[in-house]
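J.: For reference, the file work08.txt (compact mmCIF, C-alpha atoms) is included below:
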# COMPACT_ATOMS: atom_id res chain seq x y z
CA MET A 108 -1.70 -70.04 38.15
CA PRO A 109 -5.25 -70.71 39.33
CA GLN A 110 -6.79 -69.43 36.13
CA GLU A 111 -5.08 -72.16 34.08
CA SER A 112 -5.87 -75.16 36.37
CA PRO A 113 -9.10 -76.07 34.57
CA LEU A 114 -7.00 -76.88 31.48
CA MET A 115 -5.35 -79.89 33.26
CA THR A 116 -6.54 -83.09 34.97
CA VAL A 117 -4.87 -86.20 36.50
CA THR A 118 -5.61 -89.85 35.53
CA GLY A 119 -3.70 -92.19 37.81
CA SER A 120 -0.11 -90.97 37.61
CA THR A 121 -0.61 -89.34 34.25
CA LEU A 122 -1.09 -85.62 33.74
CA VAL A 123 -3.57 -85.06 30.94
CA LEU A 124 -4.34 -81.79 29.19
CA ALA A 125 -8.09 -81.42 29.12
CA ALA A 126 -9.89 -79.43 26.46
CA PRO A 127 -12.40 -77.33 28.36
CA PRO A 128 -15.98 -77.02 27.14
CA SER A 129 -15.24 -73.46 26.21
CA ALA A 130 -12.28 -74.38 24.01
CA PRO A 131 -13.94 -73.11 20.83
CA ALA A 132 -14.08 -69.64 22.43
CA PRO A 133 -10.54 -68.50 21.51
CA PRO A 134 -11.28 -68.32 17.77
CA SER A 135 -14.06 -65.85 18.56
CA SER A 136 -11.75 -63.77 20.75
CA PRO A 137 -11.70 -60.12 19.67
CA GLN A 138 -7.89 -60.02 19.72
CA PRO A 139 -7.38 -60.59 15.97
CA SER A 140 -9.96 -57.91 15.00
CA PRO A 141 -8.44 -54.66 16.41
CA PRO A 142 -6.03 -54.21 13.47
CA SER A 143 -9.08 -53.40 11.29
CA ARG A 144 -10.04 -50.39 13.46
CA PRO A 145 -6.98 -48.14 13.29
CA ALA A 146 -8.07 -46.97 9.83
CA ALA A 147 -10.96 -45.08 11.42
CA ARG A 148 -8.69 -43.65 14.09
CA VAL A 149 -6.14 -42.48 11.53
CA ARG A 150 -8.64 -39.88 10.25
CA GLY A 151 -7.65 -36.36 11.17
CA PRO A 152 -10.06 -34.00 12.88
CA TYR A 153 -10.94 -32.26 9.61
CA ALA A 154 -11.46 -35.49 7.69
CA ARG A 155 -13.97 -36.59 10.32
CA LEU A 156 -16.06 -33.48 9.68
CA PHE A 157 -16.80 -34.57 6.14
CA THR A 158 -17.95 -38.06 7.03
CA ARG A 159 -21.34 -36.49 7.79
CA PRO A 160 -23.80 -36.96 4.91
CA GLY A 161 -24.18 -33.78 2.88
CA ALA A 162 -21.25 -31.99 4.51
CA ARG A 163 -19.14 -31.95 1.36
CA GLY A 164 -21.99 -30.68 -0.77
CA PHE A 165 -22.99 -27.72 1.35
CA THR A 166 -19.31 -26.87 1.94
CA ALA A 167 -18.71 -26.69 -1.82
CA GLY A 168 -21.57 -24.24 -2.22
CA ASN A 169 -20.42 -22.37 0.86
CA LEU A 170 -16.94 -21.84 -0.60
CA LEU A 171 -18.30 -20.68 -3.95
CA ALA A 172 -20.64 -18.18 -2.30
CA ARG A 173 -18.00 -17.05 0.18
CA LEU A 174 -15.25 -16.36 -2.37
CA PRO A 175 -16.90 -13.08 -3.50
CA MET A 176 -16.61 -11.78 0.07
CA GLY A 177 -12.91 -11.38 -0.63
CA MET A 178 -13.57 -9.90 -4.07
CA PHE A 179 -16.24 -7.23 -3.64
CA GLY A 180 -14.27 -4.79 -1.49
CA VAL A 181 -11.11 -4.90 -3.59
CA SER A 182 -13.10 -4.81 -6.83
CA ALA A 183 -15.14 -1.80 -5.72
CA VAL A 184 -12.08 0.13 -4.52
CA MET A 185 -10.12 -0.54 -7.71
CA MET A 186 -13.11 0.13 -9.95
CA ILE A 187 -14.19 3.38 -8.29
CA ALA A 188 -10.69 4.74 -7.59
CA GLY A 189 -9.65 3.94 -11.14
CA GLN A 190 -12.66 5.68 -12.69
CA ARG A 191 -13.02 8.61 -10.27
CA GLY A 192 -9.43 9.04 -9.09
CA SER A 193 -10.26 9.16 -5.37
CA TYR A 194 -9.51 6.58 -2.73
CA ALA A 195 -11.56 8.63 -0.29
CA LEU A 196 -14.68 8.18 -2.46
CA ALA A 197 -13.94 4.48 -2.98
CA GLY A 198 -13.44 3.93 0.75
CA ALA A 199 -16.60 5.89 1.59
CA VAL A 200 -18.72 3.88 -0.87
CA THR A 201 -17.51 0.54 0.46
CA ALA A 202 -17.96 1.82 4.02
CA THR A 203 -21.56 2.74 3.22
CA GLY A 204 -22.28 -0.72 1.90
CA LEU A 205 -20.76 -2.36 4.94
CA ALA A 206 -22.62 -0.05 7.29
CA ALA A 207 -25.87 -0.90 5.52
CA THR A 208 -25.02 -4.57 5.91
CA ALA A 209 -24.52 -4.00 9.62
CA LEU A 210 -28.11 -2.74 9.85
CA VAL A 211 -29.80 -5.22 7.52
CA ALA A 212 -27.94 -8.47 8.23
CA PRO A 213 -29.44 -9.15 11.69
CA TRP A 214 -32.96 -8.85 10.30
CA THR A 215 -32.08 -11.19 7.44
CA ALA A 216 -30.66 -13.66 9.96
CA ARG A 217 -33.82 -13.48 12.08
CA LEU A 218 -35.84 -14.41 9.03
CA VAL A 219 -33.43 -17.29 8.36
CA ASP A 220 -33.90 -18.62 11.90
CA ARG A 221 -37.67 -18.30 11.59
CA HIS A 222 -38.30 -19.58 8.05
CA GLY A 223 -35.18 -21.59 7.20
CA GLN A 224 -32.02 -20.90 5.23
CA ALA A 225 -33.22 -21.84 1.75
CA ARG A 226 -36.47 -19.85 1.85
CA VAL A 227 -34.75 -16.61 2.84
CA ALA A 228 -31.18 -16.78 1.51
CA VAL A 229 -31.98 -17.18 -2.18
CA PRO A 230 -34.25 -14.12 -2.63
CA ALA A 231 -31.95 -12.06 -0.40
CA THR A 232 -29.00 -13.03 -2.62
CA VAL A 233 -30.88 -12.03 -5.77
CA ILE A 234 -31.45 -8.53 -4.35
CA ALA A 235 -27.76 -8.21 -3.44
CA VAL A 236 -26.67 -9.30 -6.91
CA LEU A 237 -28.94 -6.67 -8.47
CA GLY A 238 -27.25 -4.06 -6.25
CA SER A 239 -23.84 -5.13 -7.55
CA LEU A 240 -25.04 -4.91 -11.15
CA SER A 241 -26.42 -1.45 -10.46
CA LEU A 242 -23.05 -0.34 -9.07
CA VAL A 243 -21.29 -1.54 -12.21
CA LEU A 244 -23.78 0.28 -14.41
CA CYS A 245 -23.45 3.53 -12.45
CA VAL A 246 -19.65 3.45 -12.55
CA ARG A 247 -19.65 2.55 -16.22
CA THR A 248 -22.00 5.38 -17.20
CA GLN A 249 -20.34 8.03 -14.96
CA ALA A 250 -23.53 8.44 -12.95
CA PRO A 251 -23.57 10.90 -10.00
CA ALA A 252 -21.63 9.83 -6.92
CA TRP A 253 -24.77 9.34 -4.81
CA THR A 254 -25.85 6.49 -7.11
CA LEU A 255 -22.71 4.59 -6.17
CA PHE A 256 -23.62 4.84 -2.50
CA ALA A 257 -27.21 3.76 -3.14
CA SER A 258 -26.21 0.81 -5.34
CA TYR A 259 -23.62 -0.54 -2.95
CA ALA A 260 -26.01 -0.16 -0.04
CA ALA A 261 -28.42 -2.51 -1.83
CA THR A 262 -25.89 -5.32 -1.46
CA ALA A 263 -26.62 -5.27 2.29
CA THR A 264 -29.12 -8.11 1.85
CA THR A 265 -26.26 -10.54 1.15
CA PRO A 266 -26.87 -13.45 3.56
CA ASN A 267 -24.19 -14.31 6.07
CA ILE A 268 -23.05 -17.50 4.38
CA GLY A 269 -20.36 -18.10 6.99
CA GLY A 270 -22.87 -17.86 9.80
CA MET A 271 -25.28 -20.22 8.06
CA SER A 272 -22.50 -22.73 7.50
CA ARG A 273 -21.42 -22.52 11.14
CA ALA A 274 -25.04 -23.06 12.17
CA ARG A 275 -25.13 -26.23 10.06
CA TRP A 276 -22.00 -27.61 11.71
CA THR A 277 -23.42 -26.83 15.14
CA HIS A 278 -26.59 -28.70 14.17
CA LEU A 279 -24.71 -31.71 12.80
CA LEU A 280 -21.82 -32.14 15.26
CA PRO A 281 -21.45 -32.88 18.96
CA PRO A 282 -19.96 -30.06 21.07
CA SER A 283 -16.59 -31.84 21.26
CA GLU A 284 -16.08 -31.23 17.52
CA HIS A 285 -17.24 -27.62 17.40
CA HIS A 286 -13.74 -26.17 17.86
CA THR A 287 -12.48 -28.05 14.81
CA ALA A 288 -15.50 -26.98 12.75
CA MET A 289 -15.14 -23.33 13.76
CA SER A 290 -11.43 -23.45 12.90
CA PHE A 291 -12.26 -24.91 9.50
CA GLU A 292 -14.81 -22.16 8.89
CA GLN A 293 -12.27 -19.50 9.80
CA ALA A 294 -9.74 -21.10 7.48
CA ALA A 295 -12.40 -21.11 4.75
CA ASP A 296 -12.98 -17.42 5.38
CA GLU A 297 -9.30 -16.72 5.02
CA LEU A 298 -8.93 -18.96 1.97
CA CYS A 299 -11.60 -16.92 0.22
CA PHE A 300 -10.04 -13.67 1.37
CA MET A 301 -6.72 -15.00 0.10
CA LEU A 302 -7.95 -16.02 -3.35
CA GLY A 303 -10.59 -13.28 -3.70
CA PRO A 304 -8.25 -10.27 -3.85
CA VAL A 305 -5.95 -12.08 -6.27
CA LEU A 306 -8.82 -12.91 -8.60
CA ALA A 307 -10.37 -9.46 -8.23
CA ALA A 308 -7.13 -7.59 -8.89
CA PHE A 309 -6.39 -9.80 -11.89
CA LEU A 310 -9.85 -9.36 -13.42
CA CYS A 311 -9.99 -5.60 -12.81
CA THR A 312 -6.60 -5.01 -14.45
CA ALA A 313 -6.32 -7.76 -17.07
CA ALA A 314 -9.91 -7.60 -18.33
CA PHE A 315 -11.81 -4.40 -17.45
CA PRO A 316 -12.41 -2.49 -14.18
CA GLU A 317 -15.90 -3.89 -13.61
CA ALA A 318 -14.95 -7.54 -14.22
CA GLY A 319 -14.21 -8.28 -10.56
CA THR A 320 -17.63 -7.17 -9.38
CA LEU A 321 -19.44 -9.04 -12.15
CA ALA A 322 -17.57 -12.27 -11.47
CA GLY A 323 -18.22 -11.93 -7.74
CA ALA A 324 -21.95 -11.50 -8.30
CA ALA A 325 -22.09 -14.63 -10.48
CA LEU A 326 -20.18 -16.71 -7.93
CA LEU A 327 -22.34 -15.50 -5.07
CA LEU A 328 -25.62 -16.42 -6.76
CA ASN A 329 -24.50 -19.83 -8.00
CA GLY A 330 -22.78 -20.75 -4.76
CA MET A 331 -25.85 -19.85 -2.73
CA LEU A 332 -28.03 -22.02 -4.96
CA VAL A 333 -25.70 -24.99 -4.41
CA PHE A 334 -25.51 -24.38 -0.66
CA THR A 335 -29.25 -24.13 -0.13
CA ALA A 336 -29.94 -27.16 -2.35
CA HIS A 337 -28.60 -29.43 0.44
CA ARG A 338 -31.69 -29.28 2.61
CA ALA A 339 -30.93 -32.36 4.75
CA THR A 340 -28.12 -30.56 6.60
CA GLU A 341 -30.13 -27.37 7.19
CA PRO A 342 -30.99 -26.59 10.82
CA PRO A 343 -34.75 -26.71 11.47
CA ALA A 344 -36.58 -23.40 11.32
CA THR A 345 -37.87 -22.19 14.67
CA GLY A 346 -41.09 -20.72 13.27
CA VAL A 347 -41.09 -18.15 16.07
CA PRO A 348 -41.83 -14.46 15.52
CA ALA A 349 -38.89 -12.28 14.48
CA ALA A 350 -38.49 -10.93 17.99
CA GLY A 351 -38.32 -14.49 19.27
CA PRO A 352 -38.95 -15.86 22.75
CA GLY A 353 -36.41 -15.84 25.52
CA PRO A 354 -33.32 -13.65 25.91
CA SER A 355 -32.22 -11.43 23.06
CA PRO A 356 -29.03 -12.42 21.21
CA LEU A 357 -28.10 -8.74 21.13
CA ARG A 358 -28.16 -8.50 24.91
CA ALA A 359 -26.26 -11.76 25.31
CA LEU A 360 -23.56 -10.78 22.81
CA LEU A 361 -23.20 -7.13 23.77
CA PRO A 362 -19.91 -7.68 25.67
CA LEU A 363 -18.38 -9.25 22.54
CA LEU A 364 -19.45 -6.61 20.05
CA GLY A 365 -16.79 -4.07 21.10
CA PRO A 366 -13.82 -6.38 20.44
CA LEU A 367 -15.42 -7.56 17.18
CA LEU A 368 -16.03 -3.99 16.04
CA ALA A 369 -12.39 -3.08 16.66
CA ALA A 370 -11.20 -6.28 14.97
CA GLY A 371 -13.23 -5.32 11.91
CA ALA A 372 -11.51 -1.93 11.88
CA VAL A 373 -8.21 -3.79 11.74
CA PHE A 374 -9.28 -5.63 8.59
CA GLY A 375 -10.89 -2.67 6.83
CA SER A 376 -8.04 -0.25 7.40
CA MET A 377 -5.41 -2.85 6.53
CA GLU A 378 -7.06 -3.64 3.19
CA VAL A 379 -7.38 -0.04 2.01
CA ALA A 380 -3.93 0.92 3.27
CA SER A 381 -2.37 -2.08 1.51
CA ILE A 382 -4.17 -1.45 -1.79
CA ALA A 383 -3.06 2.18 -1.78
CA HIS A 384 0.52 1.43 -0.69
CA LEU A 385 1.01 -1.30 -3.30
CA ALA A 386 -0.47 0.96 -5.97
CA ALA A 387 1.99 3.67 -4.94
CA LEU A 388 4.79 1.15 -5.41
CA GLY A 389 3.54 0.58 -8.96
CA LEU A 390 2.43 -3.04 -8.61
CA GLY A 391 -1.00 -2.64 -10.25
CA GLY A 392 -2.48 -6.07 -10.99
CA ALA A 393 0.46 -7.78 -9.29
CA SER A 394 -0.74 -6.42 -5.95
CA GLY A 395 -3.22 -9.29 -5.61
CA PRO A 396 -0.71 -11.95 -4.50
CA VAL A 397 0.79 -9.58 -1.95
CA LEU A 398 -2.66 -8.74 -0.59
CA ALA A 399 -3.35 -12.46 -0.33
CA LEU A 400 -0.41 -13.11 1.99
CA GLN A 401 -2.25 -11.91 5.07
CA ALA A 402 -5.16 -14.23 4.30
CA ALA A 403 -2.73 -17.08 3.51
CA GLY A 404 -1.10 -16.73 6.91
CA SER A 405 -4.47 -16.67 8.61
CA CYS A 406 -5.74 -19.68 6.66
CA ALA A 407 -2.72 -21.80 7.59
CA ALA A 408 -2.84 -20.64 11.20
CA GLY A 409 -6.57 -21.37 11.42
CA LEU A 410 -6.14 -24.96 10.22
CA PHE A 411 -3.26 -25.54 12.63
CA TYR A 412 -5.11 -23.89 15.50
CA GLY A 413 -8.06 -26.25 14.98
CA THR A 414 -5.86 -29.21 15.93
CA ARG A 415 -4.67 -27.58 19.15
CA ARG A 416 -6.25 -26.63 22.44
CA PRO A 417 -7.92 -23.21 22.14
CA ARG A 418 -6.43 -20.20 23.91
CA SER A 419 -8.33 -17.36 25.55
CA LEU A 420 -9.52 -14.52 23.36
CA ARG A 421 -7.44 -12.06 25.39
CA THR A 422 -4.23 -14.01 24.71
CA CYS A 423 -4.99 -14.08 21.00
CA LEU A 424 -5.66 -10.33 20.97
CA VAL A 425 -2.30 -9.64 22.61
CA ALA A 426 -0.61 -11.50 19.76
CA LEU A 427 -2.73 -9.62 17.21
CA ALA A 428 -1.80 -6.23 18.67
CA ALA A 429 1.89 -7.08 18.44
CA ALA A 430 1.60 -8.46 14.90
CA MET A 431 -0.30 -5.46 13.51
CA ALA A 432 2.64 -3.17 14.20
CA LEU A 433 4.76 -5.13 11.72
CA PRO A 434 3.18 -3.90 8.42
CA TRP A 435 3.43 -0.30 9.63
CA ALA A 436 7.12 -0.69 10.36
CA ALA A 437 7.74 -2.59 7.11
CA ALA A 438 5.93 0.01 4.99
CA ALA A 439 8.12 2.74 6.45
CA THR A 440 11.22 0.99 5.08
CA GLY A 441 9.88 1.03 1.52
CA SER A 442 10.79 -2.65 1.07
CA LEU A 443 8.20 -4.76 -0.67
CA ALA A 444 9.77 -7.98 0.62
CA LEU A 445 9.57 -6.82 4.23
CA LEU A 446 5.98 -5.69 3.77
CA ALA A 447 5.02 -9.05 2.27
CA GLY A 448 6.55 -10.90 5.20
CA ALA A 449 4.87 -8.56 7.69
CA LEU A 450 1.46 -9.12 6.10
CA LEU A 451 1.98 -12.88 6.30
CA LEU A 452 2.84 -12.71 10.01
CA ALA A 453 -0.06 -10.35 10.66
CA GLY A 454 -2.37 -12.93 9.11
CA VAL A 455 -1.04 -15.70 11.34
CA ALA A 456 -2.22 -13.72 14.37
CA THR A 457 -5.67 -13.09 12.89
CA ALA A 458 -7.18 -16.59 12.73
CA PRO A 459 -6.96 -17.49 16.46
CA VAL A 460 -8.73 -14.23 17.32
CA MET A 461 -11.64 -14.94 15.00
CA VAL A 462 -11.91 -18.62 15.96
CA GLY A 463 -11.97 -17.71 19.65
CA ALA A 464 -14.46 -14.90 19.14
CA MET A 465 -16.84 -17.01 17.08
CA ALA A 466 -16.63 -19.85 19.61
CA LEU A 467 -17.68 -17.42 22.34
CA VAL A 468 -20.50 -16.13 20.14
CA GLN A 469 -21.73 -19.67 19.59
CA ARG A 470 -21.61 -20.50 23.31
CA ALA A 471 -23.26 -17.25 24.43
CA THR A 472 -26.10 -17.17 21.87
CA PRO A 473 -29.52 -18.45 23.09
CA ARG A 474 -30.66 -21.71 21.50
CA GLY A 475 -32.66 -21.39 18.32
CA ARG A 476 -31.14 -17.97 17.55
CA LEU A 477 -27.70 -19.02 16.28
CA ASN A 478 -28.04 -17.51 12.79
CA GLU A 479 -29.05 -14.23 14.36
CA GLY A 480 -26.21 -14.42 16.87
CA MET A 481 -23.63 -15.15 14.20
CA SER A 482 -25.06 -12.38 12.06
CA LEU A 483 -24.78 -9.89 14.90
CA ALA A 484 -21.13 -10.85 15.31
CA VAL A 485 -20.46 -10.47 11.60
CA THR A 486 -22.43 -7.21 11.65
CA ALA A 487 -20.09 -5.83 14.31
CA ILE A 488 -17.10 -6.91 12.23
CA MET A 489 -18.60 -5.35 9.08
CA ALA A 490 -19.31 -2.13 10.90
CA GLY A 491 -15.71 -2.07 12.05
CA ILE A 492 -14.50 -2.79 8.54
CA SER A 493 -16.55 0.13 7.22
CA VAL A 494 -15.09 2.49 9.82
CA GLY A 495 -11.58 1.20 9.19
CA ALA A 496 -11.94 1.43 5.41
CA ALA A 497 -13.28 4.98 5.52
CA GLY A 498 -10.62 6.07 8.01
CA ALA A 499 -7.83 4.51 5.97
CA GLY A 500 -9.12 6.14 2.79
CA GLN A 501 -8.98 9.56 4.45
CA ALA A 502 -5.54 8.81 5.88
CA VAL A 503 -4.19 7.77 2.47
CA ASP A 504 -5.44 10.93 0.76
CA ARG A 505 -4.21 13.27 3.51
CA LEU A 506 -1.18 11.57 5.07
CA GLY A 507 -0.06 8.92 2.61
CA SER A 508 -0.32 5.15 2.53
CA THR A 509 2.50 4.52 5.01
CA ALA A 510 0.82 6.56 7.74
CA ALA A 511 -2.45 4.71 7.08
CA TYR A 512 -0.84 1.52 8.41
CA ALA A 513 -0.97 3.04 11.90
CA LEU A 514 -4.74 2.51 11.94
CA PRO A 515 -4.71 -1.32 12.03
CA ALA A 516 -2.19 -1.27 14.87
CA ALA A 517 -4.31 1.18 16.86
CA ALA A 518 -7.50 -0.80 16.20
CA ALA A 519 -5.87 -4.03 17.45
CA LEU A 520 -4.93 -2.32 20.72
CA LEU A 521 -8.50 -1.06 21.01
CA ALA A 522 -9.86 -4.59 20.54
CA LEU A 523 -7.62 -5.80 23.35
CA ALA A 524 -8.79 -3.00 25.62
CA PHE A 525 -12.46 -3.80 24.90
CA SER A 526 -11.87 -7.48 25.64
CA VAL A 527 -10.22 -6.77 28.97
CA ALA A 528 -13.06 -4.43 29.99
CA THR A 529 -15.99 -6.65 28.98
CA SER A 530 -14.88 -10.28 29.33
CA ARG A 531 -16.39 -10.69 32.81
CA PHE A 532 -19.86 -9.85 31.46
CA ILE A 533 -19.96 -12.74 28.95
CA ARG A 534 -22.45 -15.44 29.98
CA ILE A 535 -22.05 -18.90 28.50
CA VAL A 536 -25.38 -20.58 27.79
CA PRO A 537 -25.51 -24.15 29.17
CA ALA A 538 -25.96 -26.83 26.53
CA GLY A 539 -29.50 -27.59 27.73
CA GLU A 540 -30.88 -24.08 27.51
Represent the structure contained in this file as structure tokens.
T.:
Amino acid sequence: MPQESPLMTVTGSTLVLAAPPSAPAPPSSPQPSPPSRPAARVRGPYARLFTRPGARGFTAGNLLARLPMGMFGVSAVMMIAGQRGSYALAGAVTATGLAATALVAPWTARLVDRHGQARVAVPATVIAVLGSLSLVLCVRTQAPAWTLFASYAATATTPNIGGMSRARWTHLLPPSEHHTAMSFEQAADELCFMLGPVLAAFLCTAAFPEAGTLAGAALLLNGMLVFTAHRATEPPATGVPAAGPGPSPLRALLPLLGPLLAAGAVFGSMEVASIAHLAALGLGGASGPVLALQAAGSCAAGLFYGTRRPRSLRTCLVALAAAMALPWAAAATGSLALLAGALLLAGVATAPVMVGAMALVQRATPRGRLNEGMSLAVTAIMAGISVGAAGAGQAVDRLGSTAAYALPAAAALLALAFSVATSRFIRIVPAGE
């Protein structure tokens, strides 16, 4: 072969192998070195997220502060229903707090975008914790019902810790890794909603009715302090006025708010219906693990979904609508085992919907307004949860807990209908804008 001819020469009739001037080159050939690189390639997509400096620290604080999000609703319902004997009152109080959050959270997020996460989140968390303590005091002292509404409404200043964490990932990672990060965040949401009800139900029954709310308030404050202490990973503050320049996130996200509102109604009605139905079956404190099954299914599905190519939001909503009929059918049989399995399968269908929705929110939100955009999305979900919780509370008191399971199924169909009607109006913001 012509490439090898320089390695040979002829002297008389003798063929001599000649060492070329470049003979020392082979030892420096890169061929022996590749075996040292596979270790970096072996890392899974989630492991690569935490190679970023500070990622583990702010995630630890994020999980601590997020765990109470799965505790407060269950704790309030069990505490108020146990003391006042009315699921309708308990559902209405939690709905009021969530509705107040829907109004206050976007303004809190605007301040976060303008002044930075640490400067705004800590004082806002202190106000929310004081609201939780006031609720405990009012329930404990048999204060008038209106004080319960006022106290729970004060918790509306709770910062959107999930949105702030997603904003940090968006700041730290290239767009190619955003899907994995959003899937991790959804799994973290579900992990906290899986463990939160278990912990809340255990504390409210094994200790005293107010224990769940008190523990949640302590975790929220300490977790937020840890999260905000990692300043190096915090997105830079925009310093712009609250109204902000450029297009409004509300206008950009308006087509997504309908599906998110209906999805929130799925979660709110499912939680209240499940608490009431399991109480009717006499589970008491043992209801926590059953309540956690839906979140467990969603957590596992979210982690798996993050390693796969994302599907369209409409496809995910079709699966959700089908899955939400399962708890209703299982509750009608009176079998706890069937209900547990149905809640697990319903949770599996939940994570892809939320991952897809949050990815669209991230891509449609104007630059520099991501905290506000995420907060608007969570606000729509919270508003839906409040409507679903109040509706399920009324349905439980008037029709029974089995009939209340019809509400999540109907809300899932509504979310699908909203998505079909509004998807063509969603505008994706180019990466440079």
J.: Considering only C-alpha atoms, state which residue in the set A:Leu424, A:Cys406, A:Ala197, A:Leu310 is at the smallest distance from Ser290 in chain A.
T.: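 That would be A:Cys406, the residue with the smallest distance to Ser290 in chain A.
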J.: Interatomic distance between CA of Asn478 in chain A and CA of Phe291 in chain A?
T.: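 Straight-line distance from CA of Asn478 in chain A to CA of Phe291 in chain A works out to 17.7 Å.
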J.: Which of these, A:Gly164, A:Ser241, A:Ala202, A:Pro356, has the shortest distance to Pro473 in chain A once you count all atoms listed in the file?
T.: A:Pro356
J.: Which residue out of A:Ala403, A:Thr440, A:Gly475, A:Ala325 has the minimum interatomic distance to Leu452 in chain A when all atoms listed in the file are used?
T.: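 Smallest separation from Leu452 in chain A among the options: A:Ala403.
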J.: Between A:Ala471, A:Ala288, A:Ala496, A:Leu385, which is the closest to Gly269 in chain A once you count all atoms listed in the file?
T.: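 Checking each of A:Ala471, A:Ala288, A:Ala496, A:Leu385 against Gly269 in chain A, counting all atoms listed in the file, the winner is A:Ala288.
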J.: Please check which residues have atoms at most 9 Å from (-24.6, -1.6, 0.0) in the file's coordinates, counting only C-alpha atoms, and write them as a list in words.
T.: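 So the residues meeting the distance criterion are Val200, Thr201, Ala202, Thr203, Gly204, Leu205, Ala206, Ala207, Thr208, Ala235, Gly238, Ser239, Leu255, Phe256, Ala257, Ser258, Tyr259, Ala260, Ala261, Thr262, Ala263 and Thr264 of chain A.
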J.: With the input short on atoms, add N, CA and C atoms back to range 161-174 of chain A and write it as a short mmCIF file (atom, residue, chain, number, x, y, z; two decimals), in the coordinates of the input.
T.:
data_model
loop_
_atom_site.label_atom_id
_atom_site.label_comp_id
_atom_site.auth_asym_id
_atom_site.auth_seq_id
_atom_site.Cartn_x
_atom_site.Cartn_y
_atom_site.Cartn_z
N GLY A 161 -23.84 -35.11 3.35
CA GLY A 161 -24.18 -33.78 2.88
C GLY A 161 -23.18 -32.71 3.22
N ALA A 162 -22.19 -33.02 4.08
CA ALA A 162 -21.25 -31.99 4.51
C ALA A 162 -20.40 -31.48 3.34
N ARG A 163 -19.97 -32.38 2.49
CA ARG A 163 -19.14 -31.95 1.36
C ARG A 163 -19.93 -31.09 0.39
N GLY A 164 -21.18 -31.45 0.18
CA GLY A 164 -21.99 -30.68 -0.77
C GLY A 164 -22.24 -29.27 -0.32
N PHE A 165 -22.70 -29.09 0.93
CA PHE A 165 -22.99 -27.72 1.35
C PHE A 165 -21.71 -26.92 1.54
N THR A 166 -20.59 -27.59 1.83
CA THR A 166 -19.31 -26.87 1.94
C THR A 166 -18.86 -26.37 0.58
N ALA A 167 -19.07 -27.14 -0.47
CA ALA A 167 -18.71 -26.69 -1.82
C ALA A 167 -19.49 -25.43 -2.19
N GLY A 168 -20.79 -25.43 -1.95
CA GLY A 168 -21.57 -24.24 -2.22
C GLY A 168 -21.17 -23.07 -1.33
N ASN A 169 -20.85 -23.39 -0.09
CA ASN A 169 -20.42 -22.37 0.86
C ASN A 169 -19.16 -21.67 0.37
N LEU A 170 -18.18 -22.44 -0.13
CA LEU A 170 -16.94 -21.84 -0.60
C LEU A 170 -17.16 -21.00 -1.85
N LEU A 171 -18.01 -21.47 -2.75
CA LEU A 171 -18.30 -20.68 -3.95
C LEU A 171 -18.96 -19.35 -3.60
N ALA A 172 -19.93 -19.39 -2.68
CA ALA A 172 -20.64 -18.18 -2.30
C ALA A 172 -19.79 -17.27 -1.42
N ARG A 173 -18.82 -17.84 -0.73
CA ARG A 173 -18.00 -17.05 0.18
C ARG A 173 -16.84 -16.37 -0.53
N LEU A 174 -16.37 -16.95 -1.64
CA LEU A 174 -15.25 -16.36 -2.37
C LEU A 174 -15.48 -14.90 -2.73
#
